[in-house]
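*Asks:* target-v3.cif is the file, holding mmCIF, C-alpha atoms:
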data_final
loop_
_atom_site.label_atom_id
_atom_site.label_comp_id
_atom_site.auth_asym_id
_atom_site.auth_seq_id
_atom_site.Cartn_x
_atom_site.Cartn_y
_atom_site.Cartn_z
CA MET T 1 -14.47 -62.79 -23.42
CA ALA T 2 -13.93 -59.46 -25.14
CA SER T 3 -17.67 -58.95 -25.39
CA SER T 4 -18.04 -59.51 -21.64
CA PHE T 5 -15.24 -57.00 -20.99
CA PHE T 6 -17.04 -54.25 -22.87
CA ASP T 7 -20.41 -55.22 -21.41
CA ASN T 8 -21.50 -52.45 -19.01
CA LYS T 9 -23.49 -54.83 -16.85
CA ALA T 10 -20.50 -57.16 -16.39
CA ARG T 11 -18.24 -54.24 -15.54
CA ALA T 12 -20.75 -52.91 -13.00
CA ALA T 13 -20.99 -56.32 -11.35
CA ALA T 14 -17.18 -56.59 -11.16
CA VAL T 15 -16.90 -53.13 -9.58
CA ALA T 16 -19.60 -53.97 -7.06
CA ALA T 17 -17.84 -57.21 -6.13
CA SER T 18 -14.50 -55.47 -5.67
CA SER T 19 -16.04 -52.69 -3.58
CA SER T 20 -17.84 -55.18 -1.36
CA SER T 21 -14.59 -57.09 -0.76
CA LYS T 22 -12.73 -53.96 0.39
CA PRO T 23 -12.74 -53.35 4.16
CA LYS T 24 -14.83 -50.48 5.35
CA ALA T 25 -13.31 -47.42 7.01
CA SER T 26 -15.11 -48.20 10.24
CA ASP T 27 -13.61 -51.71 10.27
CA ASN T 28 -10.12 -50.26 9.78
CA LYS T 29 -10.73 -47.83 12.64
CA GLU T 30 -11.83 -50.65 14.93
CA ASP T 31 -8.77 -52.71 14.01
CA THR T 32 -6.49 -49.74 14.66
CA THR T 33 -8.09 -49.16 18.05
CA ARG T 34 -7.81 -52.85 18.92
CA LEU T 35 -4.13 -52.96 18.04
CA GLN T 36 -3.28 -49.84 20.03
CA PRO T 37 -1.39 -50.11 23.32
CA TRP T 38 -3.85 -49.71 26.16
CA VAL T 39 -1.91 -46.71 27.43
CA GLU T 40 -2.89 -44.84 24.25
CA LYS T 41 -6.27 -46.50 23.84
CA TYR T 42 -7.45 -45.35 27.27
CA ARG T 43 -5.62 -42.03 27.39
CA PRO T 44 -7.95 -39.31 28.77
CA LYS T 45 -9.80 -37.47 25.99
CA THR T 46 -11.06 -34.58 28.16
CA LEU T 47 -10.06 -32.92 31.41
CA ASP T 48 -12.90 -34.72 33.19
CA ASP T 49 -11.23 -38.06 32.40
CA VAL T 50 -7.96 -37.13 34.15
CA ALA T 51 -7.76 -39.07 37.41
CA ALA T 52 -6.68 -37.84 40.86
CA GLN T 53 -5.43 -34.38 39.80
CA ASP T 54 -8.45 -32.44 41.01
CA HIS T 55 -6.68 -29.18 41.85
CA THR T 56 -4.97 -28.93 38.47
CA THR T 57 -8.03 -29.88 36.45
CA LYS T 58 -10.25 -27.38 38.28
CA VAL T 59 -7.86 -24.52 37.54
CA LEU T 60 -7.54 -25.56 33.91
CA GLN T 61 -11.31 -25.89 33.56
CA ARG T 62 -11.68 -22.27 34.62
CA THR T 63 -8.99 -21.13 32.20
CA LEU T 64 -10.72 -23.19 29.52
CA GLN T 65 -13.94 -21.28 30.11
CA ALA T 66 -12.08 -17.97 29.94
CA SER T 67 -10.13 -19.11 26.82
CA ASN T 68 -7.00 -17.43 28.15
CA LEU T 69 -4.03 -19.53 29.17
CA PRO T 70 -0.73 -18.47 30.77
CA HIS T 71 2.56 -20.17 30.06
CA MET T 72 2.42 -23.43 32.03
CA LEU T 73 4.89 -25.77 33.69
CA PHE T 74 3.67 -29.29 34.54
CA TYR T 75 5.98 -31.28 36.81
CA GLY T 76 5.71 -34.47 38.81
CA PRO T 77 6.55 -38.20 38.77
CA PRO T 78 6.18 -40.17 35.52
CA GLY T 79 2.84 -41.73 34.69
CA THR T 80 0.71 -39.23 36.61
CA GLY T 81 -1.07 -37.64 33.62
CA LYS T 82 1.00 -34.55 32.74
CA THR T 83 1.12 -35.08 28.97
CA SER T 84 -2.41 -36.45 28.88
CA THR T 85 -3.72 -33.34 30.63
CA ILE T 86 -2.20 -30.81 28.24
CA LEU T 87 -3.23 -32.88 25.19
CA ALA T 88 -6.80 -33.13 26.50
CA LEU T 89 -6.80 -29.38 27.15
CA ALA T 90 -5.53 -28.63 23.65
CA LYS T 91 -8.20 -30.84 22.06
CA SER T 92 -10.90 -29.17 24.15
CA LEU T 93 -9.66 -25.74 23.05
CA PHE T 94 -9.25 -26.22 19.31
CA GLY T 95 -11.07 -29.39 18.33
CA PRO T 96 -10.02 -31.81 15.58
CA ALA T 97 -10.12 -29.23 12.76
CA LEU T 98 -7.57 -26.80 14.24
CA TYR T 99 -5.52 -29.14 16.42
CA ARG T 100 -2.74 -29.85 13.92
CA SER T 101 -2.28 -26.22 12.88
CA ARG T 102 -2.37 -24.74 16.40
CA ILE T 103 -0.31 -27.30 18.36
CA LEU T 104 3.43 -28.03 18.14
CA GLU T 105 4.53 -30.95 20.31
CA LEU T 106 8.23 -31.71 20.81
CA ASN T 107 9.24 -34.78 22.80
CA ALA T 108 12.53 -35.88 24.32
CA SER T 109 13.16 -38.01 21.24
CA ASP T 110 13.52 -34.81 19.21
CA GLU T 111 16.72 -32.82 19.23
CA ARG T 112 16.70 -30.34 22.08
CA GLY T 113 19.68 -28.16 21.27
CA ILE T 114 19.74 -24.42 20.81
CA GLY T 115 19.30 -24.82 17.04
CA ILE T 116 15.81 -26.32 17.42
CA VAL T 117 14.75 -23.46 19.69
CA ARG T 118 16.10 -20.80 17.32
CA VAL T 119 14.62 -22.35 14.18
CA LYS T 120 11.69 -24.72 14.66
CA VAL T 121 10.23 -23.34 17.89
CA LYS T 122 10.78 -19.69 16.99
CA ASN T 123 9.34 -20.06 13.47
CA PHE T 124 6.19 -21.70 14.81
CA ALA T 125 5.87 -19.17 17.64
CA ARG T 126 6.10 -16.11 15.41
CA ALA T 127 3.88 -17.43 12.60
CA GLN T 128 0.73 -15.35 12.35
CA LEU T 129 -2.56 -17.06 13.00
CA SER T 130 -4.64 -17.86 9.96
CA GLN T 131 -8.33 -17.22 10.31
CA PRO T 132 -10.11 -20.58 10.19
CA THR T 133 -12.59 -20.92 7.36
CA GLY T 134 -15.45 -23.34 6.98
CA LEU T 135 -16.13 -23.69 10.69
CA ASP T 136 -19.84 -23.52 11.45
CA ALA T 137 -21.42 -21.96 14.50
CA GLU T 138 -21.93 -25.34 16.13
CA TYR T 139 -18.18 -26.07 16.03
CA ARG T 140 -17.32 -22.67 17.51
CA ALA T 141 -19.90 -23.16 20.25
CA LYS T 142 -18.32 -26.50 21.19
CA TYR T 143 -14.66 -25.44 20.95
CA PRO T 144 -13.51 -21.95 22.07
CA CYS T 145 -10.74 -21.70 19.42
CA PRO T 146 -8.82 -18.87 21.17
CA PRO T 147 -6.50 -16.65 19.09
CA PHE T 148 -3.21 -18.25 20.07
CA LYS T 149 -1.11 -21.36 19.46
CA ILE T 150 0.35 -23.79 22.01
CA ILE T 151 3.87 -25.23 21.99
CA ILE T 152 4.21 -28.34 24.15
CA LEU T 153 7.75 -29.16 25.24
CA ASP T 154 7.51 -32.65 26.71
CA GLU T 155 10.40 -33.82 28.93
CA ALA T 156 11.62 -30.23 29.07
CA ASP T 157 14.14 -31.10 31.78
CA SER T 158 16.24 -32.81 29.09
CA MET T 159 16.78 -29.52 27.26
CA THR T 160 20.27 -28.06 27.45
CA GLN T 161 20.95 -24.96 29.49
CA ASP T 162 21.66 -22.94 26.34
CA ALA T 163 18.39 -24.01 24.75
CA GLN T 164 16.44 -23.03 27.86
CA ALA T 165 18.19 -19.66 27.95
CA ALA T 166 17.37 -19.05 24.28
CA LEU T 167 13.73 -19.82 24.98
CA ARG T 168 13.28 -16.90 27.39
CA ARG T 169 13.10 -14.15 24.81
CA THR T 170 10.84 -16.20 22.51
CA MET T 171 8.33 -16.74 25.30
CA GLU T 172 8.13 -13.00 25.98
CA GLN T 173 8.23 -11.70 22.42
CA TYR T 174 5.46 -13.86 20.97
CA SER T 175 3.28 -14.33 24.05
CA ARG T 176 0.36 -12.56 22.34
CA ILE T 177 -0.15 -15.37 19.80
CA THR T 178 1.76 -18.29 21.38
CA ARG T 179 1.59 -20.05 24.75
CA PHE T 180 4.19 -22.50 26.02
CA CYS T 181 3.58 -25.59 28.14
CA MET T 182 6.64 -27.33 29.52
CA VAL T 183 6.29 -30.85 30.92
CA CYS T 184 9.04 -32.34 33.08
CA ASN T 185 9.72 -34.80 35.88
CA TYR T 186 12.30 -32.71 37.76
CA VAL T 187 11.42 -29.04 38.11
CA THR T 188 14.85 -28.29 39.56
CA ARG T 189 16.38 -28.86 36.11
CA ILE T 190 14.38 -25.98 34.64
CA ILE T 191 16.30 -22.72 34.90
CA GLU T 192 14.71 -20.16 37.20
CA PRO T 193 14.06 -17.49 34.51
CA LEU T 194 11.87 -19.98 32.62
CA ALA T 195 10.12 -21.28 35.72
CA SER T 196 9.23 -17.75 36.83
CA ARG T 197 7.52 -17.07 33.50
CA CYS T 198 5.17 -20.06 33.90
CA SER T 199 2.25 -20.98 36.07
CA LYS T 200 3.33 -24.13 37.92
CA PHE T 201 1.13 -27.21 38.25
CA ARG T 202 2.37 -30.06 40.43
CA PHE T 203 1.16 -33.55 39.56
CA LYS T 204 1.25 -35.89 42.53
CA SER T 205 1.46 -39.67 42.47
CA LEU T 206 -1.94 -41.25 41.96
CA ASP T 207 -3.67 -42.51 45.08
CA ASN T 208 -4.77 -46.13 45.15
CA SER T 209 -8.49 -45.38 44.90
CA ALA T 210 -8.32 -43.32 41.69
CA ALA T 211 -5.74 -45.55 39.99
CA GLY T 212 -7.60 -48.68 41.09
CA ASP T 213 -10.87 -47.41 39.64
CA ARG T 214 -9.19 -46.68 36.31
CA LEU T 215 -7.60 -50.16 36.18
CA GLN T 216 -10.92 -51.75 37.09
CA ASN T 217 -12.68 -49.88 34.28
CA ILE T 218 -10.05 -51.01 31.77
CA ALA T 219 -10.41 -54.62 32.94
CA GLN T 220 -14.19 -54.44 32.50
CA ALA T 221 -13.89 -52.85 29.06
CA GLU T 222 -11.50 -55.62 27.94
CA ASN T 223 -13.57 -58.43 29.53
CA LEU T 224 -10.69 -59.61 31.71
CA LYS T 225 -10.98 -62.17 34.50
CA LEU T 226 -9.02 -60.98 37.53
CA GLU T 227 -8.02 -62.95 40.58
CA ASP T 228 -8.67 -61.33 43.94
CA GLY T 229 -5.88 -58.90 44.78
CA VAL T 230 -4.70 -58.29 41.20
CA ILE T 231 -5.58 -54.59 41.30
CA ASP T 232 -3.69 -54.14 44.58
CA THR T 233 -0.70 -55.97 43.11
CA LEU T 234 -0.75 -53.72 40.04
CA LEU T 235 -0.84 -50.62 42.23
CA ARG T 236 2.04 -51.91 44.35
CA CYS T 237 4.18 -52.84 41.35
CA GLY T 238 3.31 -49.62 39.52
CA GLU T 239 4.49 -47.49 42.48
CA GLY T 240 2.19 -44.57 41.59
CA ASP T 241 2.87 -44.81 37.85
CA LEU T 242 -0.48 -45.55 36.20
CA ARG T 243 1.13 -45.96 32.78
CA ARG T 244 3.34 -48.75 34.11
CA ALA T 245 0.39 -50.44 35.82
CA ILE T 246 -1.68 -50.38 32.61
CA THR T 247 1.24 -51.85 30.66
CA TYR T 248 1.59 -54.65 33.22
CA LEU T 249 -2.15 -55.35 32.95
CA GLN T 250 -2.01 -55.56 29.14
CA SER T 251 1.01 -57.88 29.25
CA ALA T 252 -0.73 -60.11 31.79
CA ALA T 253 -3.87 -60.17 29.63
CA ARG T 254 -1.86 -61.32 26.60
CA LEU T 255 -0.13 -63.96 28.73
CA ALA T 256 -3.42 -65.22 30.14
CA GLY T 257 -4.96 -65.22 26.67
CA ALA T 258 -2.09 -67.29 25.29
CA MET T 259 -2.34 -69.76 28.17
CA GLY T 260 -6.12 -69.89 28.37
CA ALA T 261 -7.05 -69.98 24.67
CA PRO T 262 -7.61 -73.39 23.06
CA ALA T 263 -5.23 -74.67 20.40
CA ALA T 264 -5.82 -72.80 17.15
CA LYS T 265 -6.73 -74.80 14.06
CA ASP T 266 -5.23 -74.05 10.67
CA ASP T 267 -8.51 -73.09 9.04
CA ASP T 268 -9.71 -71.02 11.98
CA GLU T 269 -6.48 -69.36 13.13
CA ASP T 270 -7.55 -65.78 12.43
CA SER T 271 -10.79 -66.11 14.36
CA GLU T 272 -8.95 -67.61 17.34
CA MET T 273 -6.49 -64.71 17.36
CA ASN T 274 -9.31 -62.19 17.20
CA ASP T 275 -11.06 -63.91 20.11
CA ALA T 276 -7.88 -63.77 22.17
CA ASP T 277 -7.40 -60.08 21.39
CA SER T 278 -10.99 -59.20 22.25
CA GLY T 279 -10.85 -60.99 25.58
CA VAL T 280 -13.04 -63.97 24.56
CA GLY T 281 -11.70 -67.19 26.04
CA GLN T 282 -9.39 -65.19 28.28
CA GLY T 283 -7.63 -67.06 31.08
CA LEU T 284 -7.54 -65.92 34.67
CA ILE T 285 -5.04 -63.15 35.46
CA THR T 286 -3.28 -64.00 38.73
CA THR T 287 -1.24 -61.91 41.13
CA ARG T 288 1.77 -64.15 40.49
CA SER T 289 1.66 -63.44 36.76
CA ILE T 290 1.65 -59.69 37.49
CA GLU T 291 4.64 -60.08 39.80
CA GLU T 292 6.54 -62.11 37.19
CA ILE T 293 5.93 -59.48 34.53
CA ALA T 294 6.97 -56.70 36.92
CA GLY T 295 10.13 -58.60 37.89
CA VAL T 296 9.21 -58.88 41.57
CA VAL T 297 11.56 -61.19 43.45
CA PRO T 298 9.69 -64.07 45.17
CA ASP T 299 9.48 -63.99 48.95
CA GLY T 300 11.29 -67.31 49.20
CA VAL T 301 14.42 -65.90 47.54
CA LEU T 302 14.51 -62.90 49.88
CA ASP T 303 13.86 -65.09 52.93
CA GLY T 304 16.89 -67.17 51.98
CA LEU T 305 18.96 -64.00 51.67
CA LEU T 306 17.79 -62.76 55.08
CA GLN T 307 18.55 -66.13 56.61
CA ALA T 308 22.08 -66.09 55.18
CA MET T 309 22.90 -62.66 56.61
CA GLN T 310 21.76 -63.49 60.14
CA PRO T 311 24.55 -63.53 62.76
CA LYS T 312 26.26 -66.92 63.09
CA SER T 313 27.53 -68.36 66.36
CA SER T 314 30.85 -69.26 64.78
CA GLY T 315 32.60 -68.49 61.54
CA SER T 316 31.94 -65.94 58.85
CA ALA T 317 28.70 -65.48 56.93
CA TYR T 318 30.55 -65.02 53.65
CA GLU T 319 30.10 -68.57 52.29
CA ALA T 320 26.34 -68.65 52.87
CA VAL T 321 25.81 -65.10 51.60
CA SER T 322 28.01 -65.62 48.54
CA ALA T 323 26.13 -68.78 47.54
CA VAL T 324 22.71 -67.11 47.81
CA VAL T 325 23.80 -63.95 45.97
CA THR T 326 25.45 -65.97 43.18
CA ASP T 327 22.23 -67.96 42.62
CA LEU T 328 20.17 -64.76 42.75
CA VAL T 329 22.26 -63.03 40.08
CA ALA T 330 22.42 -66.18 37.96
CA ASP T 331 18.60 -66.35 37.96
CA GLY T 332 18.58 -62.91 36.35
CA TRP T 333 16.90 -60.88 39.10
CA SER T 334 17.45 -57.13 38.89
CA ALA T 335 19.79 -55.78 41.54
CA THR T 336 17.72 -52.60 41.84
CA GLN T 337 14.58 -54.65 42.44
CA VAL T 338 16.35 -56.84 44.99
CA ILE T 339 17.67 -53.83 46.90
CA GLY T 340 14.26 -52.13 46.92
CA GLN T 341 12.46 -55.18 48.30
CA LEU T 342 15.26 -55.99 50.74
CA TYR T 343 15.16 -52.39 52.00
CA ARG T 344 11.46 -52.68 52.86
CA LEU T 345 11.98 -56.02 54.60
CA VAL T 346 14.86 -54.77 56.75
CA ILE T 347 13.47 -51.34 57.61
CA TYR T 348 10.05 -52.66 58.63
CA ASN T 349 11.55 -55.49 60.68
CA GLU T 350 10.74 -54.63 64.29
CA THR T 351 13.35 -57.02 65.70
CA ILE T 352 16.23 -54.86 64.39
CA PRO T 353 17.14 -51.93 66.71
CA ASP T 354 16.78 -48.40 65.38
CA LEU T 355 20.49 -47.67 65.80
CA GLN T 356 21.37 -50.54 63.49
CA LYS T 357 18.66 -49.45 61.03
CA ASN T 358 20.30 -46.02 60.78
CA LYS T 359 23.60 -47.60 59.77
CA ILE T 360 21.86 -49.99 57.35
CA VAL T 361 20.03 -47.11 55.61
CA MET T 362 23.36 -45.41 54.92
CA VAL T 363 24.65 -48.62 53.36
CA PHE T 364 21.55 -48.89 51.16
CA SER T 365 21.94 -45.31 49.93
CA GLU T 366 25.62 -45.84 49.10
CA VAL T 367 25.01 -49.05 47.15
CA ASP T 368 22.04 -47.54 45.31
CA LYS T 369 24.26 -44.66 44.21
CA ARG T 370 26.83 -47.16 42.91
CA LEU T 371 24.20 -48.98 40.85
CA VAL T 372 22.99 -45.71 39.34
CA ASP T 373 26.58 -44.94 38.35
CA GLY T 374 26.85 -48.32 36.60
CA ALA T 375 28.65 -50.54 39.12
CA ASP T 376 28.67 -54.34 38.79
CA GLU T 377 25.39 -55.76 40.15
CA HIS T 378 26.87 -58.97 41.56
CA LEU T 379 29.58 -57.19 43.53
CA SER T 380 27.19 -54.45 44.69
CA VAL T 381 24.60 -56.87 46.08
CA LEU T 382 27.30 -59.03 47.68
CA ASP T 383 28.89 -55.97 49.33
CA LEU T 384 25.48 -54.76 50.55
CA VAL T 385 24.47 -58.04 52.14
CA LEU T 386 27.87 -58.60 53.79
CA ARG T 387 27.90 -55.10 55.27
CA ILE T 388 24.36 -55.54 56.60
CA ALA T 389 25.40 -58.90 58.09
CA GLY T 390 28.36 -57.17 59.79
CA ILE T 391 26.08 -54.49 61.27
CA LEU T 392 23.64 -57.09 62.58
CA ARG T 393 26.47 -59.10 64.14
CA ALA T 394 27.98 -56.05 65.88
#
Could you render the structure as structure tokens?
*Replies:*
Amino acid sequence: MASSFFDNKARAAAVAASSSSKPKASDNKEDTTRLQPWVEKYRPKTLDDVAAQDHTTKVLQRTLQASNLPHMLFYGPPGTGKTSTILALAKSLFGPALYRSRILELNASDERGIGIVRVKVKNFARAQLSQPTGLDAEYRAKYPCPPFKIIILDEADSMTQDAQAALRRTMEQYSRITRFCMVCNYVTRIIEPLASRCSKFRFKSLDNSAAGDRLQNIAQAENLKLEDGVIDTLLRCGEGDLRRAITYLQSAARLAGAMGAPAAKDDDEDSEMNDADSGVGQGLITTRSIEEIAGVVPDGVLDGLLQAMQPKSSGSAYEAVSAVVTDLVADGWSATQVIGQLYRLVIYNETIPDLQKNKIVMVFSEVDKRLVDGADEHLSVLDLVLRIAGILRA
């Protein structure tokens, strides 16, 4: 045994066997990509991949060609591509070699007080640029590598007023070597001195055609089987938020894979799981499964609620309404979801006069405000339905 240990040929064979058993780097990369959430897996890599924001991408493409960026402020609803756009722009400017050294990204999960602005942001902003070494001419021809850094402040509307005020001087003092990009949902929460220093880009909610094409491409890439109307259901449940729609699609794909895959055997469990993840043996994704994942209240439940609030010839509607609302809350339906769907049913009902609709809209707004402030869901829904029933009976 000792002679075989010191035998060079035996050692070489053992090393070769161990190296062949180790997973390759490409296999690890594929596994990492497969295990990624689809929101990250299909995040736009370049400005050309950003959907439905043509005006913004055209302006940024021109600034990309000129390699000179102003301070920028991206604002708009969530899930419309604000963060993806600035990340794609940064990668197109600096490439993989300089991305980590030239980009500082702070999210809402980081502390946003005045101390972070005075220390972390200011230190990065005033740091002198190091001349990149080892970059060949081909890399420089592909990536402009302009002489400045970029600080991305995601969810900037969550910054305190003091932190925003402290940021003003930093933006002016180090603008020669540092550019700021603030990303927010509500531009009104950004103080005016900061907003005036930035070039504003408004991101609108994605239209159905652009978002539908992106969802269709993801479904084809993942080999999913979709029932007719699934894309329209995803767009309706996503409400203009493409990130939410992609998450619903991934959840529905996992649910369909779990329901459609055959029973896994003990000796072949890993291969069955890999087939389910890759879309092989995938079940059919239905519109009802999308609605269940999104928490959409079935039409039958809302029809029962509408029937209970209709004017009665005699007596009060409280008993019927209370019974339906109690069952609805006991089933775990979200009060916000119920109010949103009930609002659309009532407002688009042509049998209700416009004068009554005006009063009903005021009731909806008042109850919605209560829910935002943390009121009890059962009492809020019960109060809403009873008040609507009173308006319809008047």
*Asks:* What gap, in Å, lies between CA of Ala163 (chain T) and CA of Gly113 (chain T)?
*Replies:*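 These atoms are spaced 5.6 Å apart.
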*Asks:* Let me make sure I understand: among T:Gln161, T:Gln65, T:Gln128, T:Ser380, which one has the smallest atom-to-atom distance to Phe364 (chain T) if we use only C-alpha atoms?
*Replies:*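 Ranked by minimum distance to Phe364 (chain T), first place goes to T:Ser380.
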*Asks:* So which one's closest to His378 (chain T), T:Ala210, T:Val329, T:Tyr343, T:Pro146? Using only C-alpha atoms, please.
*Replies:*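 For His378 (chain T), the nearest of the given residues is T:Val329.
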*Asks:* Rounded to one decimal, what separation in Å do you get between CA of Asp241 (chain T) and CA of Gly81 (chain T)?
*Replies:*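 Computing the Euclidean distance for CA of Asp241 (chain T) and CA of Gly81 (chain T) yields 9.2 Å.
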*Asks:* Would you kindly translate the PyMOL selection byres ((chain T and resi 74) around 6) into the concrete residues it picks from this file, as a ChimeraX atom specification?
*Replies:* /T:73,75,183,201
*Asks:* Using all atoms listed in the file, which residue out of T:Arg189, T:Lys357, T:Thr170, T:Tyr143 lies closest to Tyr99 (chain T)?
*Replies:*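 Under the stated criterion, the closest residue is T:Tyr143.
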*Asks:* Expand the PyMOL selection byres ((chain T and resi 223-228) around 7) into the explicit residue set it covers here, and present it as a PDB file with C-alpha atoms, keeping the file's coordinate frame.
*Replies:*
ATOM      1  CA  ALA T 219     -10.410 -54.620  32.940  1.00  0.00           C
ATOM      2  CA  GLN T 220     -14.190 -54.440  32.500  1.00  0.00           C
ATOM      3  CA  ALA T 221     -13.890 -52.850  29.060  1.00  0.00           C
ATOM      4  CA  GLU T 222     -11.500 -55.620  27.940  1.00  0.00           C
ATOM      5  CA  GLY T 229      -5.880 -58.900  44.780  1.00  0.00           C
ATOM      6  CA  VAL T 230      -4.700 -58.290  41.200  1.00  0.00           C
ATOM      7  CA  GLY T 279     -10.850 -60.990  25.580  1.00  0.00           C
ATOM      8  CA  GLN T 282      -9.390 -65.190  28.280  1.00  0.00           C
ATOM      9  CA  GLY T 283      -7.630 -67.060  31.080  1.00  0.00           C
ATOM     10  CA  LEU T 284      -7.540 -65.920  34.670  1.00  0.00           C
ATOM     11  CA  ILE T 285      -5.040 -63.150  35.460  1.00  0.00           C
ATOM     12  CA  THR T 286      -3.280 -64.000  38.730  1.00  0.00           C
ATOM     13  CA  THR T 287      -1.240 -61.910  41.130  1.00  0.00           C
TER      14      THR T 287
END
*Asks:* Please report the interatomic distance between CA of Lys82 (chain T) and CA of Arg197 (chain T) in Å with one decimal.
*Replies:*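 Atom-to-atom, CA of Lys82 (chain T) and CA of Arg197 (chain T) are spaced 18.7 Å apart.
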*Asks:* Can you check which parts of region 104-166 of chain T lie within 12 Å of region 84-98 of chain T? Per residue, the shortest pair of atoms and distance in Å to one decimal, counting only C-alpha atoms, sorted by chain and number, as JSON lines.
*Replies:*
{"residue": "T:Leu104", "atom": "CA", "partner": "T:Ala90", "partner_atom": "CA", "distance": 10.5}
{"residue": "T:Glu105", "atom": "CA", "partner": "T:Leu87", "partner_atom": "CA", "distance": 9.4}
{"residue": "T:Leu129", "atom": "CA", "partner": "T:Leu98", "partner_atom": "CA", "distance": 11.0}
{"residue": "T:Ser130", "atom": "CA", "partner": "T:Leu98", "partner_atom": "CA", "distance": 10.3}
{"residue": "T:Gln131", "atom": "CA", "partner": "T:Leu98", "partner_atom": "CA", "distance": 10.4}
{"residue": "T:Pro132", "atom": "CA", "partner": "T:Leu98", "partner_atom": "CA", "distance": 7.8}
{"residue": "T:Thr133", "atom": "CA", "partner": "T:Ala97", "partner_atom": "CA", "distance": 10.2}
{"residue": "T:Gly134", "atom": "CA", "partner": "T:Ala97", "partner_atom": "CA", "distance": 9.8}
{"residue": "T:Leu135", "atom": "CA", "partner": "T:Ala97", "partner_atom": "CA", "distance": 8.4}
{"residue": "T:Asp136", "atom": "CA", "partner": "T:Ala97", "partner_atom": "CA", "distance": 11.3}
{"residue": "T:Glu138", "atom": "CA", "partner": "T:Gly95", "partner_atom": "CA", "distance": 11.8}
{"residue": "T:Tyr139", "atom": "CA", "partner": "T:Gly95", "partner_atom": "CA", "distance": 8.2}
{"residue": "T:Arg140", "atom": "CA", "partner": "T:Phe94", "partner_atom": "CA", "distance": 9.0}
{"residue": "T:Ala141", "atom": "CA", "partner": "T:Leu93", "partner_atom": "CA", "distance": 10.9}
{"residue": "T:Lys142", "atom": "CA", "partner": "T:Gly95", "partner_atom": "CA", "distance": 8.3}
{"residue": "T:Tyr143", "atom": "CA", "partner": "T:Leu93", "partner_atom": "CA", "distance": 5.4}
{"residue": "T:Pro144", "atom": "CA", "partner": "T:Leu93", "partner_atom": "CA", "distance": 5.5}
{"residue": "T:Cys145", "atom": "CA", "partner": "T:Phe94", "partner_atom": "CA", "distance": 4.8}
{"residue": "T:Pro146", "atom": "CA", "partner": "T:Leu93", "partner_atom": "CA", "distance": 7.2}
{"residue": "T:Pro147", "atom": "CA", "partner": "T:Phe94", "partner_atom": "CA", "distance": 10.0}
{"residue": "T:Phe148", "atom": "CA", "partner": "T:Phe94", "partner_atom": "CA", "distance": 10.0}
{"residue": "T:Lys149", "atom": "CA", "partner": "T:Phe94", "partner_atom": "CA", "distance": 9.5}
{"residue": "T:Ile150", "atom": "CA", "partner": "T:Ala90", "partner_atom": "CA", "distance": 7.8}
{"residue": "T:Ile151", "atom": "CA", "partner": "T:Ala90", "partner_atom": "CA", "distance": 10.1}
{"residue": "T:Ile152", "atom": "CA", "partner": "T:Ile86", "partner_atom": "CA", "distance": 8.0}
{"residue": "T:Leu153", "atom": "CA", "partner": "T:Ile86", "partner_atom": "CA", "distance": 10.5}
{"residue": "T:Asp154", "atom": "CA", "partner": "T:Ile86", "partner_atom": "CA", "distance": 10.0}
*Asks:* Give me a file of those residues, with C-alpha atoms, as an mmCIF file, in the coordinates of the input.
*Replies:*
data_model
loop_
_atom_site.group_PDB
_atom_site.id
_atom_site.type_symbol
_atom_site.label_atom_id
_atom_site.label_comp_id
_atom_site.auth_asym_id
_atom_site.auth_seq_id
_atom_site.Cartn_x
_atom_site.Cartn_y
_atom_site.Cartn_z
ATOM 1 C CA LEU T 104 3.430 -28.030 18.140
ATOM 2 C CA GLU T 105 4.530 -30.950 20.310
ATOM 3 C CA LEU T 129 -2.560 -17.060 13.000
ATOM 4 C CA SER T 130 -4.640 -17.860 9.960
ATOM 5 C CA GLN T 131 -8.330 -17.220 10.310
ATOM 6 C CA PRO T 132 -10.110 -20.580 10.190
ATOM 7 C CA THR T 133 -12.590 -20.920 7.360
ATOM 8 C CA GLY T 134 -15.450 -23.340 6.980
ATOM 9 C CA LEU T 135 -16.130 -23.690 10.690
ATOM 10 C CA ASP T 136 -19.840 -23.520 11.450
ATOM 11 C CA GLU T 138 -21.930 -25.340 16.130
ATOM 12 C CA TYR T 139 -18.180 -26.070 16.030
ATOM 13 C CA ARG T 140 -17.320 -22.670 17.510
ATOM 14 C CA ALA T 141 -19.900 -23.160 20.250
ATOM 15 C CA LYS T 142 -18.320 -26.500 21.190
ATOM 16 C CA TYR T 143 -14.660 -25.440 20.950
ATOM 17 C CA PRO T 144 -13.510 -21.950 22.070
ATOM 18 C CA CYS T 145 -10.740 -21.700 19.420
ATOM 19 C CA PRO T 146 -8.820 -18.870 21.170
ATOM 20 C CA PRO T 147 -6.500 -16.650 19.090
ATOM 21 C CA PHE T 148 -3.210 -18.250 20.070
ATOM 22 C CA LYS T 149 -1.110 -21.360 19.460
ATOM 23 C CA ILE T 150 0.350 -23.790 22.010
ATOM 24 C CA ILE T 151 3.870 -25.230 21.990
ATOM 25 C CA ILE T 152 4.210 -28.340 24.150
ATOM 26 C CA LEU T 153 7.750 -29.160 25.240
ATOM 27 C CA ASP T 154 7.510 -32.650 26.710
#
*Asks:* Closest to Leu392 (chain T) among T:Cys237, T:Asp373, T:Thr336, T:Met309, using all atoms listed in the file?
*Replies:*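 Among the listed residues, T:Met309 lies closest to Leu392 (chain T).
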*Asks:* Could you work out an axis-aligned bounding box for all listed atoms of region 145-159 of chain T, with 5 Å added on each of the six sides, and give its centre and edge lengths in Å to one decimal, as JSON?
*Replies:*
{"center_x": 3.0, "center_y": -25.2, "center_z": 25.4, "size_x": 37.5, "size_y": 27.2, "size_z": 22.7}
